[in-house]
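Containing compact mmCIF, C-alpha atoms: input06.txt.
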# COMPACT_ATOMS: atom_id res chain seq x y z
CA MET A 1 -38.44 37.59 44.25
CA PRO A 2 -39.59 41.23 44.54
CA VAL A 3 -37.16 43.87 43.35
CA ARG A 4 -37.06 45.53 46.79
CA THR A 5 -36.01 42.27 48.48
CA LEU A 6 -33.27 41.77 45.91
CA GLU A 7 -32.07 45.31 46.49
CA ASN A 8 -31.98 44.74 50.26
CA ALA A 9 -30.01 41.53 49.79
CA GLN A 10 -27.52 43.43 47.68
CA THR A 11 -27.26 46.16 50.29
CA ALA A 12 -26.34 43.51 52.86
CA LEU A 13 -23.76 42.20 50.43
CA VAL A 14 -22.35 45.68 50.04
CA GLU A 15 -22.01 45.97 53.82
CA ALA A 16 -19.98 42.76 53.81
CA VAL A 17 -17.81 44.08 50.99
CA ARG A 18 -17.19 47.23 53.00
CA ALA A 19 -15.98 44.97 55.80
CA ARG A 20 -13.44 43.64 53.27
CA ASP A 21 -14.98 40.20 52.87
CA PRO A 22 -13.48 38.74 49.67
CA SER A 23 -16.16 36.09 49.20
CA ALA A 24 -18.90 38.73 49.48
CA PHE A 25 -17.04 40.80 46.94
CA SER A 26 -16.85 37.85 44.58
CA GLU A 27 -20.60 37.32 44.91
CA TRP A 28 -21.29 41.00 44.39
CA VAL A 29 -19.16 41.05 41.25
CA GLN A 30 -21.02 38.08 39.82
CA ARG A 31 -24.41 39.66 40.47
CA ASN A 32 -23.59 43.01 38.91
CA SER A 33 -21.12 42.03 36.26
CA ARG A 34 -23.56 42.23 33.36
CA TRP A 35 -24.89 45.72 33.74
CA VAL A 36 -21.49 47.11 34.68
CA ARG A 37 -20.21 45.69 31.41
CA GLY A 38 -23.19 47.34 29.76
CA VAL A 39 -22.29 50.75 31.20
CA VAL A 40 -18.68 50.42 30.11
CA TYR A 41 -19.72 49.34 26.64
CA ALA A 42 -22.28 52.13 26.38
CA VAL A 43 -19.74 54.81 27.33
CA LEU A 44 -16.87 53.42 25.28
CA GLY A 45 -18.88 52.29 22.28
CA ASP A 46 -16.11 49.78 21.65
CA LYS A 47 -16.74 46.15 22.47
CA ASP A 48 -13.08 45.17 22.12
CA ARG A 49 -12.01 47.15 25.16
CA VAL A 50 -14.84 46.29 27.50
CA ASP A 51 -13.03 43.45 29.33
CA ASP A 52 -9.97 45.52 30.20
CA VAL A 53 -11.95 48.46 31.48
CA VAL A 54 -14.34 46.27 33.47
CA GLN A 55 -11.31 44.73 35.17
CA GLN A 56 -10.15 48.21 36.17
CA VAL A 57 -13.62 49.07 37.41
CA TRP A 58 -13.72 46.18 39.88
CA MET A 59 -10.20 46.89 41.05
CA ALA A 60 -11.20 50.51 41.69
CA VAL A 61 -14.35 49.39 43.48
CA TRP A 62 -12.38 47.20 45.89
CA GLN A 63 -9.87 49.95 46.55
CA ARG A 64 -12.45 52.69 47.06
CA ILE A 65 -15.22 50.81 48.80
CA GLU A 66 -14.68 52.82 51.99
CA THR A 67 -15.73 55.96 50.12
CA LEU A 68 -19.23 54.55 49.71
CA ASN A 69 -20.90 56.42 52.54
CA ASP A 70 -24.47 55.31 51.98
CA PRO A 71 -24.71 51.58 51.13
CA GLN A 72 -28.31 52.12 49.97
CA ARG A 73 -26.91 54.19 47.11
CA TRP A 74 -24.43 51.55 46.04
CA LYS A 75 -25.86 51.28 42.53
CA THR A 76 -25.37 54.94 41.67
CA TRP A 77 -21.90 54.79 43.21
CA LEU A 78 -20.97 51.70 41.17
CA TYR A 79 -22.42 53.24 38.02
CA SER A 80 -20.36 56.36 38.58
CA ILE A 81 -17.13 54.37 38.95
CA ALA A 82 -17.86 52.30 35.84
CA ARG A 83 -18.77 55.38 33.83
CA HIS A 84 -15.68 57.34 34.81
CA ALA A 85 -13.38 54.39 34.19
CA ALA A 86 -14.85 54.05 30.71
CA LEU A 87 -14.57 57.80 30.07
CA ASP A 88 -10.91 57.76 31.16
CA ALA A 89 -10.22 54.78 28.92
CA GLY A 90 -11.95 56.52 26.03
CA ARG A 91 -9.82 59.62 26.48
CA ASP A 92 -6.58 57.66 26.70
CA THR A 93 -6.63 56.13 23.28
CA THR A 94 -7.72 56.94 19.81
CA ARG A 95 -10.86 55.12 19.05
CA ARG A 96 -10.38 52.19 16.76
CA ARG A 97 -12.08 52.19 13.47
CA ARG A 98 -15.48 50.65 13.73
CA GLY A 99 -15.72 47.08 12.57
CA GLN A 100 -11.97 46.72 12.36
CA ALA A 101 -11.43 43.87 14.73
CA GLY A 102 -12.99 41.44 17.14
CA GLY A 103 -16.68 41.01 17.62
CA ILE A 104 -19.15 38.38 16.88
CA VAL A 105 -18.67 38.05 13.13
CA ASP A 106 -14.98 37.25 13.44
CA GLU A 107 -15.68 33.81 14.78
CA PRO A 108 -15.98 31.24 12.02
CA PRO A 109 -19.22 29.31 11.87
CA ASP A 110 -19.24 26.16 13.93
CA PRO A 111 -19.21 23.18 11.52
CA ARG A 112 -21.29 21.16 14.00
CA GLU A 113 -24.02 23.75 13.87
CA VAL A 114 -27.18 22.26 12.42
CA ASP A 115 -27.71 25.25 10.16
CA PRO A 116 -24.49 27.27 10.02
CA GLY A 117 -25.86 29.57 7.33
CA ARG A 118 -28.74 30.57 9.52
CA LYS A 119 -26.47 31.13 12.47
CA LEU A 120 -24.12 33.25 10.39
CA GLU A 121 -27.04 35.32 9.17
CA ARG A 122 -28.15 35.84 12.75
CA ARG A 123 -24.67 36.91 13.78
CA GLU A 124 -24.42 39.35 10.93
CA ARG A 125 -27.71 40.86 11.90
CA HIS A 126 -26.55 41.18 15.52
CA GLU A 127 -23.37 42.80 14.29
CA ARG A 128 -25.35 45.37 12.31
CA VAL A 129 -27.45 46.13 15.37
CA LEU A 130 -24.33 46.53 17.52
CA GLN A 131 -22.82 48.86 14.94
CA ALA A 132 -25.97 50.96 15.05
CA ILE A 133 -25.82 51.01 18.85
CA GLU A 134 -22.16 52.03 18.79
CA ALA A 135 -23.02 54.84 16.35
CA LEU A 136 -25.47 56.36 18.83
CA PRO A 137 -24.21 59.41 20.73
CA PRO A 138 -23.10 58.29 24.23
CA LEU A 139 -25.79 60.45 25.74
CA TYR A 140 -28.45 58.22 24.21
CA ARG A 141 -26.47 55.01 24.15
CA GLU A 142 -26.23 54.68 27.92
CA PRO A 143 -29.94 54.52 28.73
CA PHE A 144 -30.53 52.48 25.59
CA VAL A 145 -28.04 49.79 26.64
CA LEU A 146 -29.28 49.67 30.22
CA ARG A 147 -32.87 49.38 29.06
CA HIS A 148 -32.23 46.62 26.52
CA LEU A 149 -29.50 44.68 28.29
CA GLU A 150 -31.09 44.56 31.72
CA GLY A 151 -34.69 45.48 30.96
CA TRP A 152 -34.54 48.21 33.56
CA SER A 153 -37.51 50.56 33.86
CA TYR A 154 -37.16 54.26 33.11
CA ARG A 155 -37.27 54.88 36.88
CA GLN A 156 -34.40 52.44 37.57
CA ILE A 157 -32.29 54.01 34.84
CA ALA A 158 -33.07 57.50 36.14
CA ASP A 159 -32.05 56.47 39.67
CA VAL A 160 -28.74 55.00 38.65
CA MET A 161 -27.92 57.84 36.25
CA ASP A 162 -29.13 60.37 38.77
CA MET A 163 -31.40 62.26 36.39
CA PRO A 164 -35.15 62.87 35.96
CA VAL A 165 -37.30 60.13 34.47
CA ASP A 166 -38.46 62.48 31.72
CA SER A 167 -34.88 62.93 30.55
CA VAL A 168 -34.43 59.18 30.36
CA GLU A 169 -37.60 58.87 28.33
CA THR A 170 -36.58 61.61 25.93
CA ARG A 171 -33.17 60.03 25.40
CA LEU A 172 -34.63 56.58 24.88
CA VAL A 173 -37.16 57.80 22.34
CA ARG A 174 -34.44 59.58 20.41
CA ALA A 175 -32.18 56.54 20.62
CA MET A 176 -34.94 54.29 19.28
CA ARG A 177 -35.64 56.71 16.43
CA MET A 178 -31.93 56.81 15.52
CA MET A 179 -31.74 53.04 15.62
CA ARG A 180 -34.70 52.76 13.29
CA GLN A 181 -33.16 55.20 10.83
CA ALA A 182 -29.73 53.58 11.02
CA LEU A 183 -31.06 50.09 10.37
CA ALA A 184 -33.31 51.34 7.58
CA SER A 185 -30.33 53.06 5.90
CA GLN A 186 -28.38 49.78 6.13
CA GLY A 187 -31.22 48.22 4.18
CA ASP A 188 -32.00 46.14 7.21
CA ASP A 189 -35.68 46.36 7.88
CA PRO A 190 -35.99 44.70 11.27
CA THR A 191 -39.45 43.46 10.43
CA MET B 1 -41.28 55.70 5.72
CA ARG B 2 -43.99 58.31 6.16
CA PRO B 3 -43.51 60.94 8.86
CA LEU B 4 -44.95 59.60 12.03
CA ASP B 5 -46.90 61.56 14.53
CA GLU B 6 -44.48 62.12 17.44
CA HIS B 7 -47.12 61.40 20.01
CA ASP B 8 -47.89 58.03 18.41
CA GLU B 9 -44.21 57.21 18.21
CA LEU B 10 -43.75 58.04 21.89
CA ARG B 11 -46.73 55.88 22.82
CA ILE B 12 -45.40 52.96 20.78
CA ILE B 13 -41.92 53.12 22.30
CA ARG B 14 -43.26 53.47 25.83
CA GLU B 15 -45.58 50.53 25.25
CA ILE B 16 -42.72 48.35 23.99
CA HIS B 17 -40.66 49.33 27.02
CA GLY B 18 -43.51 48.43 29.34
CA GLU B 19 -43.96 52.01 30.51
CA LEU B 20 -47.52 52.56 29.32
CA GLY B 21 -50.47 52.20 31.70
CA ASP B 22 -53.17 49.60 31.04
CA GLU B 23 -55.71 52.02 29.59
CA GLU B 24 -53.20 53.79 27.38
CA SER B 25 -51.91 50.45 26.22
CA LEU B 26 -55.39 49.28 25.31
CA ALA B 27 -56.05 52.50 23.39
CA LEU B 28 -52.80 52.13 21.49
CA ASN B 29 -53.61 48.53 20.55
CA ARG B 30 -56.95 49.65 19.15
CA ASP B 31 -55.21 52.31 17.04
CA VAL B 32 -52.60 49.85 15.85
CA LEU B 33 -55.28 47.42 14.72
CA LYS B 34 -57.03 50.16 12.76
CA ASP B 35 -53.96 51.69 11.12
CA PRO B 36 -51.63 49.41 9.08
CA GLU B 37 -48.88 52.04 9.03
CA LEU B 38 -48.97 52.37 12.79
CA ARG B 39 -48.87 48.59 13.03
CA ARG B 40 -45.79 48.44 10.82
CA VAL B 41 -43.99 51.03 12.93
CA HIS B 42 -44.97 49.18 16.09
CA GLU B 43 -43.58 45.93 14.67
CA THR B 44 -40.39 47.69 13.59
CA TYR B 45 -39.72 49.16 17.04
CA ALA B 46 -40.62 45.90 18.76
CA GLU B 47 -38.13 44.08 16.56
CA ILE B 48 -35.42 46.70 17.16
CA SER B 49 -35.96 46.31 20.88
CA ARG B 50 -35.81 42.52 20.66
CA LEU B 51 -32.72 42.49 18.46
CA ALA B 52 -30.94 45.03 20.67
CA GLY B 53 -31.63 42.90 23.74
CA GLU B 54 -30.39 39.76 21.98
CA SER B 55 -27.25 41.38 20.56
CA LEU B 56 -26.29 43.11 23.80
CA GLY B 57 -27.05 40.00 25.82
CA GLU B 58 -24.84 37.89 23.58
CA LEU B 59 -22.04 40.43 23.67
CA LEU B 60 -22.06 41.32 27.35
CA SER B 61 -23.26 38.25 29.20
CA LYS B 62 -19.87 36.68 29.63
CA PRO B 63 -19.14 35.56 33.18
CA ALA B 64 -17.00 37.93 35.19
CA ARG B 65 -13.32 37.45 34.38
CA LEU B 66 -11.19 38.96 37.06
CA SER B 67 -7.44 38.89 37.31
CA GLY B 68 -7.42 36.31 34.57
CA GLU B 69 -8.43 33.54 36.90
CA ALA B 70 -11.96 32.29 36.91
CA GLY B 71 -13.38 30.75 40.01
CA ALA B 72 -11.98 32.48 43.04
CA ALA B 73 -12.65 35.83 41.43
CA GLY B 74 -13.09 37.84 44.59
CA ILE B 75 -10.01 36.62 46.34
CA ASP B 76 -7.82 36.93 43.28
CA LEU B 77 -9.10 40.40 42.65
CA CYS B 78 -8.56 41.42 46.25
CA SER B 79 -4.97 40.26 46.11
CA ALA B 80 -4.43 42.09 42.85
CA ALA B 81 -6.15 45.24 43.98
CA ASP B 82 -4.51 45.37 47.34
CA PRO B 83 -1.14 43.63 47.40
CA ALA B 84 -0.96 44.14 51.15
CA LEU B 85 -3.96 41.91 51.60
CA ASN B 86 -2.20 38.64 52.18
CA ARG B 87 -3.29 35.78 54.39
CA ALA B 88 -1.98 37.48 57.51
CA ASP B 89 -4.03 40.54 56.71
CA VAL B 90 -7.06 38.43 56.12
CA ARG B 91 -6.67 36.94 59.59
CA ARG B 92 -5.94 40.30 61.21
CA GLN B 93 -8.89 41.99 59.56
CA GLY B 94 -11.17 39.28 60.79
CA VAL B 95 -12.16 38.00 57.37
CA ARG B 96 -13.59 34.60 57.92
CA VAL B 97 -11.77 31.74 56.22
CA SER B 98 -13.98 28.72 55.94
CA TRP B 99 -13.14 25.99 58.45
CA TRP B 100 -13.50 23.45 55.70
CA ARG B 101 -10.67 25.16 53.85
CA ARG B 102 -8.47 24.51 56.87
CA VAL B 103 -9.57 20.86 57.11
CA GLU B 104 -9.10 20.45 53.41
CA GLN B 105 -5.65 22.01 53.52
CA TRP B 106 -4.27 20.02 56.41
CA PHE B 107 -6.39 17.08 57.40
CA VAL B 108 -6.63 15.16 54.17
CA PRO B 109 -2.92 15.31 53.21
CA LEU B 110 -1.89 14.56 56.80
CA SER B 111 -4.22 11.57 56.92
CA ALA B 112 -2.84 10.24 53.67
CA ALA B 113 0.74 10.77 54.87
CA ALA B 114 0.01 9.05 58.19
CA ALA B 115 -1.57 6.10 56.43
CA LEU B 116 1.46 5.73 54.19
CA LEU B 117 3.83 5.95 57.16
CA ILE B 118 1.91 3.25 58.99
CA ALA B 119 1.95 1.08 55.91
CA VAL B 120 5.71 1.36 55.59
CA ALA B 121 6.66 1.23 59.28
CA MET B 122 4.32 -1.45 60.57
CA PRO B 123 6.14 -4.73 61.26
CA ALA B 124 4.75 -7.87 59.68
CA PRO B 125 2.46 -9.64 62.10
CA PRO B 126 3.61 -13.13 63.03
CA GLY B 127 2.18 -15.74 60.71
CA GLY B 128 0.48 -13.17 58.53
CA ALA B 129 -2.39 -12.82 60.97
CA SER B 130 -3.76 -9.55 59.74
CA LYS B 131 -7.22 -9.46 58.39
CA THR B 132 -7.16 -9.14 54.64
CA ALA B 133 -9.37 -7.15 52.37
CA THR B 134 -9.99 -10.20 50.27
CA GLY B 135 -11.55 -11.87 53.30
CA ASP B 136 -9.97 -15.17 52.79
CA GLY B 137 -10.53 -16.44 56.30
CA GLY B 138 -8.57 -15.09 59.21
CA GLY B 139 -5.24 -14.57 57.59
CA ARG B 140 -4.81 -18.12 56.42
CA VAL B 141 -2.13 -18.13 53.74
CA GLU B 142 -3.29 -19.60 50.53
CA PRO B 143 -0.86 -21.10 48.05
CA PHE B 144 -0.71 -19.37 44.73
CA ARG B 145 -2.70 -21.08 42.03
CA SER B 146 -2.33 -20.59 38.36
CA PRO B 147 -5.56 -19.09 37.10
CA GLY B 148 -7.81 -21.79 35.70
CA ALA B 149 -5.20 -24.49 35.82
CA GLY B 150 -6.06 -25.87 39.21
CA THR B 151 -2.42 -26.73 39.80
CA THR B 152 -0.78 -25.63 43.01
CA LEU B 153 2.60 -24.08 42.41
CA SER B 154 5.32 -24.14 45.01
CA ARG B 155 6.17 -20.47 44.50
CA PRO B 156 4.85 -17.53 42.54
CA VAL B 157 5.86 -17.66 38.91
CA SER B 158 7.21 -14.12 38.98
CA THR B 159 9.38 -14.56 42.06
CA ALA B 160 12.86 -15.72 41.25
CA SER B 161 14.64 -15.11 44.55
CA GLU B 162 14.90 -17.39 47.54
CA HIS B 163 12.59 -15.10 49.45
CA ILE B 164 8.95 -15.48 48.78
CA GLN B 165 6.77 -12.42 48.74
CA ARG B 166 3.32 -12.17 50.12
CA ARG B 167 1.00 -9.22 50.24
CA GLU B 168 -1.16 -8.03 53.06
CA THR B 169 -3.95 -5.60 52.72
CA GLU B 170 -5.42 -3.66 55.59
CA ARG B 171 -8.17 -1.13 55.54
CA ASP B 172 -8.23 2.24 57.31
CA VAL B 173 -11.41 4.23 57.62
CA ILE B 174 -11.26 8.03 57.78
CA GLY B 175 -14.24 10.32 58.28
CA VAL B 176 -14.26 13.79 56.75
CA ILE B 177 -16.92 16.45 56.40
CA GLY B 178 -17.37 17.64 52.82
CA LYS B 179 -18.01 21.13 51.49
CA ASP B 180 -21.67 20.27 51.24
CA GLY B 181 -21.83 19.52 54.95
CA ARG B 182 -22.17 15.77 54.54
CA TYR B 183 -20.02 13.30 56.35
CA TYR B 184 -17.93 11.14 54.05
CA ILE B 185 -16.19 7.89 54.89
CA LEU B 186 -12.93 7.31 53.08
CA GLU B 187 -11.68 3.76 53.03
CA LEU B 188 -7.97 3.50 52.55
CA ASP B 189 -6.69 0.08 51.53
CA ARG B 190 -3.05 -0.45 52.36
CA THR B 191 -1.38 -3.33 50.60
CA ARG B 192 2.20 -4.11 51.44
CA ALA B 193 4.65 -6.71 50.29
CA VAL B 194 6.26 -8.83 53.01
CA GLU B 195 9.21 -10.99 52.31
CA GLY B 196 9.73 -14.23 54.18
CA GLN B 197 10.92 -17.82 53.91
CA GLY B 198 8.52 -20.47 52.79
CA VAL B 199 5.43 -18.36 52.94
CA GLY B 200 3.02 -18.45 50.04
CA ARG B 201 1.69 -15.34 48.46
CA LYS B 202 -1.81 -14.17 49.14
CA ARG B 203 -4.10 -13.56 46.26
CA ALA B 204 -4.10 -9.80 46.46
CA GLY B 205 -7.53 -8.52 45.68
CA LEU B 206 -6.85 -4.82 45.92
CA GLU B 207 -3.92 -2.55 45.37
CA ASP B 208 -3.21 0.57 47.41
CA GLY B 209 -5.89 3.09 47.01
CA VAL B 210 -8.85 4.88 48.40
Have the structure of the file written as structure tokens, please.
Amino acid sequence: MPVRTLENAQTALVEAVRARDPSAFSEWVQRNSRWVRGVVYAVLGDKDRVDDVVQQVWMAVWQRIETLNDPQRWKTWLYSIARHAALDAGRDTTRRRRGQAGGIVDEPPDPREVDPGRKLERRERHERVLQAIEALPPLYREPFVLRHLEGWSYRQIADVMDMPVDSVETRLVRAMRMMRQALASQGDDPT
Amino acid sequence: MRPLDEHDELRIIREIHGELGDEESLALNRDVLKDPELRRVHETYAEISRLAGESLGELLSKPARLSGEAGAAGIDLCSAADPALNRADVRRQGVRVSWWRRVEQWFVPLSAAAALLIAVAMPAPPGGASKTATGDGGGRVEPFRSPGAGTTLSRPVSTASEHIQRRETERDVIGVIGKDGRYYILELDRTRAVEGQGVGRKRAGLEDGV
């Protein structure tokens, strides 16, 4: 389905949410849950707190939906709420030490896995990549997460972040360069 | 890692992100084929991009968990976000509640309750004339037979009292419309025990149930 049609369908959904339709809200949450999580994670840089903050984001969205004046701009509006909720959460608490708790590597390997060693290796590699992402400055981390989680184009990222496309490109190039250096310094040559 | 020309690096990253035009992309591929170092950098960035997508996808692709209750996420969240939004508010604000929800909430339990009441309150028809689910021929009472023995017993083995029990099964049919819009027929078999003098027990084929 073309992107424009999908956007229009979502705008209709947003109209229903503004009319306080709980089932439309549920549908809207499901459709946008992933990238909203991505924004929260990108701002916080802490995967352990993503769930709590995302919960607050959707609560705030439901409470403030009347303040969305232009339903066509719902994505920027939603991004702004997610971003500010994550910033507030980040200010509230001292950031936990990286790699202290939670995350993918904490789960023990599944004994039923055909090749648990291979799966563990894959998880460790993912963990190293996530650590490198979390080490990026938030300025670069946000477009990087949106690009790689959702596959959004530079234009889409620029629209939602309300900034020029060139700025998105510059940030993404720098983020990629930092990722390359970070993984190389970990002795993890991605190739 | 040799210092990389910034322009080449920019081209590589834009190409990996799908932001390079066809001609530029073709030119870059030619350069990559000619230069092993450029090829290595291209592979490295492509792998970083792939790994980042995989790792983030695995970390953040959990289904939405709202108010700790999966499923009716929207409604739960609405209640949590706005405590004033109770059922009355939903009605007042014109939020549509599915008609099936109403049918589901009231019709099915009421039907079951009515069927049970009928089963309990209905007097025994004279001579056990009700049609039975086992279809044994117009309500004719069959003497109990020991399985496989072929011997007719005067009373059921398990009945010790003077009164002899028999069971009658009747079938109710209820039509309901499902969530998927289809019409479903529910068959409710009602089996009841009737006590009486000198009446044999029917071979009950079915117990109560739908």
Report summary line: note - CA of Ala175 (chain A) and CA of Arg34 (chain A) are separated by 21.0 Å
Residues near Leu68 (chain A), cut-off 8 Å, only C-alpha atoms, skip fewer than 4 positions along chain, as an mmCIF file with C-alpha atoms, in the coordinates of the input:
data_model
loop_
_atom_site.group_PDB
_atom_site.id
_atom_site.type_symbol
_atom_site.label_atom_id
_atom_site.label_comp_id
_atom_site.auth_asym_id
_atom_site.auth_seq_id
_atom_site.Cartn_x
_atom_site.Cartn_y
_atom_site.Cartn_z
ATOM 1 C CA ARG A 64 -12.450 52.690 47.060
ATOM 2 C CA TRP A 74 -24.430 51.550 46.040
ATOM 3 C CA TRP A 77 -21.900 54.790 43.210
#
Report task. Select, from A:Glu124, A:Val29, A:Arg73, A:Asp48, the residue with the minimum atom-to-atom distance to Thr11 (chain A), counting all atoms listed in the file. Result ->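 Closest to Thr11 (chain A), using all atoms listed in the file: A:Arg73.
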Query raised in the report: How far is it from CA of Gln30 (chain A) to CA of Ser61 (chain B), in Å with one decimal?
Result: 10.9 Å
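Here CA of His148 (chain A) stands at a distance of 24.5 Å from CA of Asp88 (chain A).
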Report task. Could you check which of A:Gly45, A:Gly151, A:Pro71, A:Pro164 is closest to chain B, using only C-alpha atoms? Result -> A:Gly151
**Report entry** chain B contacts on chain A, all atoms listed in the file, 6 Å, as a VMD selection string
**Finding:** chain A and resid 21 to 23 25 to 26 33 to 34 59 126 148 to 149 190 to 191
Requested in this report: Please tell me which residues are no farther than 9 Å from (-33.9, 52.5, 12.8) in the file, counting all atoms listed in the file, and write them as a count of residues only.
Outcome: 18
Requested in this report: Can you work out which one of A:Gln72, A:Val36, A:Arg155, A:Ala89 has the shortest atom-to-atom distance to Ala12 (chain A), counting only C-alpha atoms?
Outcome: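 Closest candidate: A:Gln72.
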Padded axis-aligned box of region 57-67 of chain A (4 Å per side), centre and edge lengths, Å, one decimal, as lines of an AutoDock Vina configuration file:
center_x = -12.8
center_y = 51.1
center_z = 44.7
size_x = 13.9
size_y = 17.8
size_z = 22.6
